[in-house]
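> See protein_25.cif below, with mmCIF, N, CA and C atoms.
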```cif
data_coords
#
loop_
_atom_site.label_atom_id
_atom_site.label_comp_id
_atom_site.auth_asym_id
_atom_site.auth_seq_id
_atom_site.Cartn_x
_atom_site.Cartn_y
_atom_site.Cartn_z
N SER A 1 20.01 -9.81 3.71
CA SER A 1 19.88 -8.43 3.29
C SER A 1 18.42 -8.01 3.45
N ILE A 2 18.23 -6.73 3.49
CA ILE A 2 16.88 -6.17 3.63
C ILE A 2 16.63 -5.24 2.46
N LEU A 3 15.48 -5.40 1.85
CA LEU A 3 15.05 -4.51 0.77
C LEU A 3 13.78 -3.80 1.22
N GLN A 4 13.65 -2.54 0.88
CA GLN A 4 12.39 -1.83 1.10
C GLN A 4 12.20 -0.87 -0.06
N PRO A 5 11.55 -1.37 -1.12
CA PRO A 5 11.34 -0.52 -2.29
C PRO A 5 10.53 0.73 -1.93
N ALA A 6 10.92 1.85 -2.50
CA ALA A 6 10.21 3.10 -2.30
C ALA A 6 10.10 3.80 -3.65
N PHE A 7 9.00 4.50 -3.83
CA PHE A 7 8.71 5.11 -5.13
C PHE A 7 8.31 6.56 -4.98
N VAL A 8 8.85 7.41 -5.83
CA VAL A 8 8.45 8.81 -5.89
C VAL A 8 7.69 9.09 -7.19
N GLU A 9 7.66 8.09 -8.08
CA GLU A 9 6.91 8.20 -9.33
C GLU A 9 6.65 6.81 -9.87
N GLY A 10 5.81 6.73 -10.88
CA GLY A 10 5.55 5.45 -11.55
C GLY A 10 4.50 4.59 -10.87
N GLU A 11 4.39 3.37 -11.39
CA GLU A 11 3.35 2.45 -10.93
C GLU A 11 3.50 2.03 -9.48
N GLY A 12 4.69 2.04 -8.95
CA GLY A 12 4.90 1.66 -7.55
C GLY A 12 4.12 2.53 -6.58
N LYS A 13 3.85 3.77 -6.97
CA LYS A 13 3.09 4.67 -6.10
C LYS A 13 1.62 4.29 -6.02
N LEU A 14 1.16 3.36 -6.85
CA LEU A 14 -0.24 2.92 -6.80
C LEU A 14 -0.49 1.87 -5.73
N MET A 15 0.55 1.38 -5.08
CA MET A 15 0.42 0.24 -4.17
C MET A 15 -0.59 0.48 -3.04
N THR A 16 -0.61 1.66 -2.45
CA THR A 16 -1.55 1.88 -1.34
C THR A 16 -2.99 1.84 -1.83
N GLU A 17 -3.23 2.42 -3.00
CA GLU A 17 -4.59 2.40 -3.55
C GLU A 17 -5.02 0.98 -3.90
N ILE A 18 -4.14 0.23 -4.52
CA ILE A 18 -4.45 -1.15 -4.91
C ILE A 18 -4.71 -2.00 -3.67
N THR A 19 -3.89 -1.82 -2.65
CA THR A 19 -4.07 -2.58 -1.40
C THR A 19 -5.40 -2.22 -0.75
N PHE A 20 -5.69 -0.93 -0.67
CA PHE A 20 -6.94 -0.51 -0.05
C PHE A 20 -8.15 -1.03 -0.82
N GLU A 21 -8.10 -0.97 -2.14
CA GLU A 21 -9.20 -1.53 -2.95
C GLU A 21 -9.40 -3.01 -2.65
N GLY A 22 -8.29 -3.72 -2.42
CA GLY A 22 -8.36 -5.15 -2.16
C GLY A 22 -8.97 -5.52 -0.82
N ILE A 23 -8.88 -4.62 0.17
CA ILE A 23 -9.40 -4.93 1.50
C ILE A 23 -10.70 -4.22 1.84
N THR A 24 -11.13 -3.29 0.99
CA THR A 24 -12.32 -2.49 1.30
C THR A 24 -13.56 -3.34 1.51
N LYS A 25 -13.81 -4.30 0.65
CA LYS A 25 -15.01 -5.14 0.78
C LYS A 25 -15.02 -5.87 2.13
N ALA A 26 -13.89 -6.44 2.52
CA ALA A 26 -13.82 -7.14 3.80
C ALA A 26 -14.04 -6.19 4.97
N LEU A 27 -13.48 -4.98 4.88
CA LEU A 27 -13.68 -3.99 5.94
C LEU A 27 -15.15 -3.62 6.08
N MET A 28 -15.83 -3.49 4.95
CA MET A 28 -17.25 -3.14 5.00
C MET A 28 -18.09 -4.32 5.49
N GLU A 29 -17.76 -5.53 5.08
CA GLU A 29 -18.50 -6.72 5.54
C GLU A 29 -18.38 -6.90 7.04
N GLU A 30 -17.24 -6.53 7.60
CA GLU A 30 -17.04 -6.63 9.05
C GLU A 30 -17.53 -5.39 9.79
N GLU A 31 -18.14 -4.48 9.02
CA GLU A 31 -18.68 -3.23 9.56
C GLU A 31 -17.62 -2.40 10.28
N LEU A 32 -16.42 -2.44 9.75
CA LEU A 32 -15.34 -1.64 10.30
C LEU A 32 -15.25 -0.28 9.61
N ILE A 33 -15.94 -0.16 8.49
CA ILE A 33 -15.88 1.05 7.69
C ILE A 33 -17.16 1.15 6.86
N THR A 34 -17.61 2.38 6.62
CA THR A 34 -18.78 2.58 5.76
C THR A 34 -18.31 2.87 4.33
N THR A 35 -19.24 2.82 3.41
CA THR A 35 -18.92 3.15 2.02
C THR A 35 -18.39 4.58 1.92
N LYS A 36 -19.00 5.49 2.64
CA LYS A 36 -18.58 6.89 2.63
C LYS A 36 -17.16 7.04 3.18
N GLU A 37 -16.88 6.35 4.28
CA GLU A 37 -15.53 6.40 4.86
C GLU A 37 -14.50 5.80 3.91
N ALA A 38 -14.86 4.69 3.27
CA ALA A 38 -13.95 4.05 2.33
C ALA A 38 -13.61 4.99 1.19
N GLN A 39 -14.61 5.68 0.67
CA GLN A 39 -14.37 6.62 -0.43
C GLN A 39 -13.48 7.77 0.02
N LYS A 40 -13.70 8.26 1.22
CA LYS A 40 -12.89 9.36 1.75
C LYS A 40 -11.42 8.93 1.90
N ILE A 41 -11.21 7.73 2.40
CA ILE A 41 -9.84 7.21 2.55
C ILE A 41 -9.20 7.03 1.18
N TYR A 42 -9.93 6.43 0.26
CA TYR A 42 -9.40 6.20 -1.08
C TYR A 42 -9.03 7.53 -1.75
N ASP A 43 -9.92 8.51 -1.65
CA ASP A 43 -9.64 9.82 -2.23
C ASP A 43 -8.39 10.44 -1.61
N GLY A 44 -8.21 10.26 -0.31
CA GLY A 44 -7.02 10.78 0.37
C GLY A 44 -5.75 10.10 -0.12
N LEU A 45 -5.83 8.79 -0.37
CA LEU A 45 -4.67 8.07 -0.89
C LEU A 45 -4.29 8.56 -2.29
N VAL A 46 -5.30 8.80 -3.11
CA VAL A 46 -5.05 9.31 -4.47
C VAL A 46 -4.44 10.70 -4.38
N LYS A 47 -5.00 11.56 -3.53
CA LYS A 47 -4.48 12.92 -3.37
C LYS A 47 -3.02 12.89 -2.93
N PHE A 48 -2.70 12.04 -1.96
CA PHE A 48 -1.33 11.92 -1.48
C PHE A 48 -0.40 11.46 -2.61
N ARG A 49 -0.83 10.44 -3.35
CA ARG A 49 0.00 9.93 -4.45
C ARG A 49 0.29 10.99 -5.49
N MET A 50 -0.66 11.86 -5.74
CA MET A 50 -0.51 12.88 -6.77
C MET A 50 0.43 14.02 -6.36
N GLU A 51 0.71 14.14 -5.08
CA GLU A 51 1.64 15.19 -4.64
C GLU A 51 3.04 14.85 -5.17
N PRO A 52 3.70 15.81 -5.81
CA PRO A 52 4.99 15.52 -6.44
C PRO A 52 6.09 15.11 -5.47
N ASP A 53 5.97 15.50 -4.21
CA ASP A 53 7.02 15.16 -3.25
C ASP A 53 6.64 13.98 -2.34
N SER A 54 5.56 13.27 -2.68
CA SER A 54 5.15 12.12 -1.86
C SER A 54 6.01 10.90 -2.19
N LEU A 55 6.13 10.03 -1.22
CA LEU A 55 6.91 8.81 -1.37
C LEU A 55 6.08 7.65 -0.84
N ILE A 56 5.97 6.58 -1.60
CA ILE A 56 5.24 5.38 -1.18
C ILE A 56 6.25 4.25 -1.09
N SER A 57 6.26 3.56 0.04
CA SER A 57 7.18 2.43 0.17
C SER A 57 6.39 1.14 0.39
N LEU A 58 7.01 0.06 0.00
CA LEU A 58 6.44 -1.27 0.21
C LEU A 58 6.97 -1.84 1.52
N PRO A 59 6.40 -2.92 2.01
CA PRO A 59 6.93 -3.53 3.24
C PRO A 59 8.37 -4.00 3.05
N ARG A 60 9.07 -4.09 4.14
CA ARG A 60 10.44 -4.62 4.10
C ARG A 60 10.43 -6.07 3.67
N ILE A 61 11.40 -6.41 2.88
CA ILE A 61 11.57 -7.78 2.41
C ILE A 61 12.92 -8.27 2.94
N PHE A 62 12.88 -9.33 3.72
CA PHE A 62 14.10 -9.89 4.27
C PHE A 62 14.54 -11.04 3.38
N GLN A 63 15.78 -11.02 2.96
CA GLN A 63 16.33 -12.10 2.14
C GLN A 63 17.40 -12.81 2.97
N VAL A 64 17.22 -14.12 3.10
CA VAL A 64 18.17 -14.92 3.86
C VAL A 64 18.62 -16.07 2.98
N HIS A 65 19.90 -16.27 2.93
CA HIS A 65 20.47 -17.36 2.13
C HIS A 65 21.21 -18.29 3.08
N GLY A 66 21.05 -19.57 2.86
CA GLY A 66 21.75 -20.55 3.67
C GLY A 66 22.21 -21.71 2.81
N ARG A 67 23.03 -22.52 3.39
CA ARG A 67 23.54 -23.67 2.68
C ARG A 67 23.53 -24.87 3.63
N ARG A 68 23.03 -25.99 3.16
CA ARG A 68 23.05 -27.22 3.95
C ARG A 68 24.40 -27.89 3.81
N LYS A 69 24.84 -28.43 4.91
CA LYS A 69 26.11 -29.18 4.86
C LYS A 69 25.84 -30.64 5.10
#
```
When written as structure tokens, how does the structure in this file appear?

Amino acid sequence: SILQPAFVEGEGKLMTEITFEGITKALMEEELITTKEAQKIYDGLVKFRMEPDSLISLPRIFQVHGRRK
């Protein structure tokens, strides 16, 4: 089966911000992004989350069950 959680409200909508916060330092260390750019992206993620009709989804999760014989 395949699951792909999606959220229109609640804590699940924080996932993009949490993920971005987690990778920002590495992006800056690799000089892929500046502090100013990181703040602009983060602010955009917050703005999107706050829109009442926005939807945030998590990655697909594949569940496979098997049995040994």
> Pick out the residues sitting within 8 Å of Met15 of chain A, and hand them over as number ranges by chain; count all atoms listed in the file, and ignore anything fewer than 5 positions along from it in its own chain.
A: 10, 20-21, 56-58
> What is the distance between atom N of Ala6 of chain A and atom N of Thr19 of chain A, in Å to one decimal?
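A separation of 15.3 Å between them.
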> So how many Å separate atom CA of Val46 of chain A and atom N of Lys25 of chain A, to one decimal?
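These two atoms are separated by 17.0 Å.
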> What does the distance between atom N of Arg68 of chain A and atom N of Pro5 of chain A come to in Å, to one decimal place?
27.5 Å
> Identify, with DSSP run on backbone atoms, the residues in chain A assigned to strand (DSSP E), and express the list as a PDB file with N, CA and C atoms, keeping the file's coordinate frame.

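As written to disk, part-v1.pdb reads:
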```
ATOM      1  N   ILE A   2      18.230  -6.730   3.490  1.00  0.00           N
ATOM      2  CA  ILE A   2      16.880  -6.170   3.630  1.00  0.00           C
ATOM      3  C   ILE A   2      16.630  -5.240   2.460  1.00  0.00           C
ATOM      4  N   LEU A   3      15.480  -5.400   1.850  1.00  0.00           N
ATOM      5  CA  LEU A   3      15.050  -4.510   0.770  1.00  0.00           C
ATOM      6  C   LEU A   3      13.780  -3.800   1.220  1.00  0.00           C
ATOM      7  N   ALA A   6      10.920   1.850  -2.500  1.00  0.00           N
ATOM      8  CA  ALA A   6      10.210   3.100  -2.300  1.00  0.00           C
ATOM      9  C   ALA A   6      10.100   3.800  -3.650  1.00  0.00           C
ATOM     10  N   PHE A   7       9.000   4.500  -3.830  1.00  0.00           N
ATOM     11  CA  PHE A   7       8.710   5.110  -5.130  1.00  0.00           C
ATOM     12  C   PHE A   7       8.310   6.560  -4.980  1.00  0.00           C
ATOM     13  N   ILE A  56       5.970   6.580  -1.600  1.00  0.00           N
ATOM     14  CA  ILE A  56       5.240   5.380  -1.180  1.00  0.00           C
ATOM     15  C   ILE A  56       6.250   4.250  -1.090  1.00  0.00           C
ATOM     16  N   SER A  57       6.260   3.560   0.040  1.00  0.00           N
ATOM     17  CA  SER A  57       7.180   2.430   0.170  1.00  0.00           C
ATOM     18  C   SER A  57       6.390   1.140   0.390  1.00  0.00           C
ATOM     19  N   ILE A  61      11.400  -6.410   2.880  1.00  0.00           N
ATOM     20  CA  ILE A  61      11.570  -7.780   2.410  1.00  0.00           C
ATOM     21  C   ILE A  61      12.920  -8.270   2.940  1.00  0.00           C
ATOM     22  N   PHE A  62      12.880  -9.330   3.720  1.00  0.00           N
ATOM     23  CA  PHE A  62      14.100  -9.890   4.270  1.00  0.00           C
ATOM     24  C   PHE A  62      14.540 -11.040   3.380  1.00  0.00           C
TER      25      PHE A  62
END
```
> Just checking: using all atoms listed in the file, which residue out of A:Ile2, A:Phe62, A:Arg49, A:Lys69 ends up closest to Leu14 of chain A?
A:Arg49
> Find the residue from A:Ser1, A:Lys36, A:Glu9, A:Tyr42 that sits nearest to Leu55 of chain A; use all atoms listed in the file when measuring.
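The answer is A:Glu9, which sits nearest to Leu55 of chain A.
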> DSSP on the backbone: which residues in chain A end up as alpha helix (DSSP H)? Give the answer as a PyMOL selection string.
chain A and resi 15-29+35-50
> Just checking: using only C-alpha atoms, which residue out of A:Gln4, A:Pro59, A:Thr24, A:Val64 ends up closest to Lys40 of chain A?
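Closest candidate: A:Thr24.
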> Because the input lacks atoms here, generate N, CA, C and O atoms for segment 37-63 of chain A and report them as a PDB file, keeping the file's coordinate frame.

```
ATOM      1  N   GLU A  37     -16.880   6.350   4.280  1.00  0.00           N
ATOM      2  CA  GLU A  37     -15.530   6.400   4.860  1.00  0.00           C
ATOM      3  C   GLU A  37     -14.500   5.800   3.910  1.00  0.00           C
ATOM      4  O   GLU A  37     -13.392   6.338   3.759  1.00  0.00           O
ATOM      5  N   ALA A  38     -14.860   4.690   3.270  1.00  0.00           N
ATOM      6  CA  ALA A  38     -13.950   4.050   2.330  1.00  0.00           C
ATOM      7  C   ALA A  38     -13.610   4.990   1.190  1.00  0.00           C
ATOM      8  O   ALA A  38     -12.445   5.108   0.781  1.00  0.00           O
ATOM      9  N   GLN A  39     -14.610   5.680   0.670  1.00  0.00           N
ATOM     10  CA  GLN A  39     -14.370   6.620  -0.430  1.00  0.00           C
ATOM     11  C   GLN A  39     -13.480   7.770   0.020  1.00  0.00           C
ATOM     12  O   GLN A  39     -12.581   8.203  -0.708  1.00  0.00           O
ATOM     13  N   LYS A  40     -13.700   8.260   1.220  1.00  0.00           N
ATOM     14  CA  LYS A  40     -12.890   9.360   1.750  1.00  0.00           C
ATOM     15  C   LYS A  40     -11.420   8.930   1.900  1.00  0.00           C
ATOM     16  O   LYS A  40     -10.507   9.676   1.537  1.00  0.00           O
ATOM     17  N   ILE A  41     -11.210   7.730   2.400  1.00  0.00           N
ATOM     18  CA  ILE A  41      -9.840   7.210   2.550  1.00  0.00           C
ATOM     19  C   ILE A  41      -9.200   7.030   1.180  1.00  0.00           C
ATOM     20  O   ILE A  41      -8.051   7.448   0.954  1.00  0.00           O
ATOM     21  N   TYR A  42      -9.930   6.430   0.260  1.00  0.00           N
ATOM     22  CA  TYR A  42      -9.400   6.200  -1.080  1.00  0.00           C
ATOM     23  C   TYR A  42      -9.030   7.530  -1.750  1.00  0.00           C
ATOM     24  O   TYR A  42      -7.948   7.675  -2.319  1.00  0.00           O
ATOM     25  N   ASP A  43      -9.920   8.510  -1.650  1.00  0.00           N
ATOM     26  CA  ASP A  43      -9.640   9.820  -2.230  1.00  0.00           C
ATOM     27  C   ASP A  43      -8.390  10.440  -1.610  1.00  0.00           C
ATOM     28  O   ASP A  43      -7.587  11.074  -2.308  1.00  0.00           O
ATOM     29  N   GLY A  44      -8.210  10.260  -0.310  1.00  0.00           N
ATOM     30  CA  GLY A  44      -7.020  10.780   0.370  1.00  0.00           C
ATOM     31  C   GLY A  44      -5.750  10.100  -0.120  1.00  0.00           C
ATOM     32  O   GLY A  44      -4.711  10.756  -0.286  1.00  0.00           O
ATOM     33  N   LEU A  45      -5.830   8.790  -0.370  1.00  0.00           N
ATOM     34  CA  LEU A  45      -4.670   8.070  -0.890  1.00  0.00           C
ATOM     35  C   LEU A  45      -4.290   8.560  -2.290  1.00  0.00           C
ATOM     36  O   LEU A  45      -3.119   8.745  -2.601  1.00  0.00           O
ATOM     37  N   VAL A  46      -5.300   8.800  -3.110  1.00  0.00           N
ATOM     38  CA  VAL A  46      -5.050   9.310  -4.470  1.00  0.00           C
ATOM     39  C   VAL A  46      -4.440  10.700  -4.380  1.00  0.00           C
ATOM     40  O   VAL A  46      -3.444  11.000  -5.053  1.00  0.00           O
ATOM     41  N   LYS A  47      -5.000  11.560  -3.530  1.00  0.00           N
ATOM     42  CA  LYS A  47      -4.480  12.920  -3.370  1.00  0.00           C
ATOM     43  C   LYS A  47      -3.020  12.890  -2.930  1.00  0.00           C
ATOM     44  O   LYS A  47      -2.191  13.630  -3.463  1.00  0.00           O
ATOM     45  N   PHE A  48      -2.700  12.040  -1.960  1.00  0.00           N
ATOM     46  CA  PHE A  48      -1.330  11.920  -1.480  1.00  0.00           C
ATOM     47  C   PHE A  48      -0.400  11.460  -2.610  1.00  0.00           C
ATOM     48  O   PHE A  48       0.677  12.008  -2.800  1.00  0.00           O
ATOM     49  N   ARG A  49      -0.830  10.440  -3.350  1.00  0.00           N
ATOM     50  CA  ARG A  49       0.000   9.930  -4.450  1.00  0.00           C
ATOM     51  C   ARG A  49       0.290  10.990  -5.490  1.00  0.00           C
ATOM     52  O   ARG A  49       1.377  11.055  -6.047  1.00  0.00           O
ATOM     53  N   MET A  50      -0.660  11.860  -5.740  1.00  0.00           N
ATOM     54  CA  MET A  50      -0.510  12.880  -6.770  1.00  0.00           C
ATOM     55  C   MET A  50       0.430  14.020  -6.360  1.00  0.00           C
ATOM     56  O   MET A  50       0.909  14.764  -7.208  1.00  0.00           O
ATOM     57  N   GLU A  51       0.710  14.140  -5.080  1.00  0.00           N
ATOM     58  CA  GLU A  51       1.640  15.190  -4.640  1.00  0.00           C
ATOM     59  C   GLU A  51       3.040  14.850  -5.170  1.00  0.00           C
ATOM     60  O   GLU A  51       3.517  13.725  -5.010  1.00  0.00           O
ATOM     61  N   PRO A  52       3.700  15.810  -5.810  1.00  0.00           N
ATOM     62  CA  PRO A  52       4.990  15.520  -6.440  1.00  0.00           C
ATOM     63  C   PRO A  52       6.090  15.110  -5.470  1.00  0.00           C
ATOM     64  O   PRO A  52       7.033  14.426  -5.851  1.00  0.00           O
ATOM     65  N   ASP A  53       5.970  15.500  -4.210  1.00  0.00           N
ATOM     66  CA  ASP A  53       7.020  15.160  -3.250  1.00  0.00           C
ATOM     67  C   ASP A  53       6.640  13.980  -2.340  1.00  0.00           C
ATOM     68  O   ASP A  53       7.307  13.703  -1.358  1.00  0.00           O
ATOM     69  N   SER A  54       5.560  13.270  -2.680  1.00  0.00           N
ATOM     70  CA  SER A  54       5.150  12.120  -1.860  1.00  0.00           C
ATOM     71  C   SER A  54       6.010  10.900  -2.190  1.00  0.00           C
ATOM     72  O   SER A  54       6.531  10.768  -3.300  1.00  0.00           O
ATOM     73  N   LEU A  55       6.130  10.030  -1.220  1.00  0.00           N
ATOM     74  CA  LEU A  55       6.910   8.810  -1.370  1.00  0.00           C
ATOM     75  C   LEU A  55       6.080   7.650  -0.840  1.00  0.00           C
ATOM     76  O   LEU A  55       5.513   7.740   0.250  1.00  0.00           O
ATOM     77  N   ILE A  56       5.970   6.580  -1.600  1.00  0.00           N
ATOM     78  CA  ILE A  56       5.240   5.380  -1.180  1.00  0.00           C
ATOM     79  C   ILE A  56       6.250   4.250  -1.090  1.00  0.00           C
ATOM     80  O   ILE A  56       7.023   4.012  -2.018  1.00  0.00           O
ATOM     81  N   SER A  57       6.260   3.560   0.040  1.00  0.00           N
ATOM     82  CA  SER A  57       7.180   2.430   0.170  1.00  0.00           C
ATOM     83  C   SER A  57       6.390   1.140   0.390  1.00  0.00           C
ATOM     84  O   SER A  57       5.277   1.149   0.896  1.00  0.00           O
ATOM     85  N   LEU A  58       7.010   0.060   0.000  1.00  0.00           N
ATOM     86  CA  LEU A  58       6.440  -1.270   0.210  1.00  0.00           C
ATOM     87  C   LEU A  58       6.970  -1.840   1.520  1.00  0.00           C
ATOM     88  O   LEU A  58       7.920  -1.299   2.092  1.00  0.00           O
ATOM     89  N   PRO A  59       6.400  -2.920   2.010  1.00  0.00           N
ATOM     90  CA  PRO A  59       6.930  -3.530   3.240  1.00  0.00           C
ATOM     91  C   PRO A  59       8.370  -4.000   3.050  1.00  0.00           C
ATOM     92  O   PRO A  59       8.811  -4.274   1.936  1.00  0.00           O
ATOM     93  N   ARG A  60       9.070  -4.090   4.140  1.00  0.00           N
ATOM     94  CA  ARG A  60      10.440  -4.620   4.100  1.00  0.00           C
ATOM     95  C   ARG A  60      10.430  -6.070   3.670  1.00  0.00           C
ATOM     96  O   ARG A  60       9.552  -6.847   4.052  1.00  0.00           O
ATOM     97  N   ILE A  61      11.400  -6.410   2.880  1.00  0.00           N
ATOM     98  CA  ILE A  61      11.570  -7.780   2.410  1.00  0.00           C
ATOM     99  C   ILE A  61      12.920  -8.270   2.940  1.00  0.00           C
ATOM    100  O   ILE A  61      13.952  -7.679   2.648  1.00  0.00           O
ATOM    101  N   PHE A  62      12.880  -9.330   3.720  1.00  0.00           N
ATOM    102  CA  PHE A  62      14.100  -9.890   4.270  1.00  0.00           C
ATOM    103  C   PHE A  62      14.540 -11.040   3.380  1.00  0.00           C
ATOM    104  O   PHE A  62      13.747 -11.940   3.084  1.00  0.00           O
ATOM    105  N   GLN A  63      15.780 -11.020   2.960  1.00  0.00           N
ATOM    106  CA  GLN A  63      16.330 -12.100   2.140  1.00  0.00           C
ATOM    107  C   GLN A  63      17.400 -12.810   2.970  1.00  0.00           C
ATOM    108  O   GLN A  63      18.340 -12.187   3.460  1.00  0.00           O
TER     109      GLN A  63
END
```
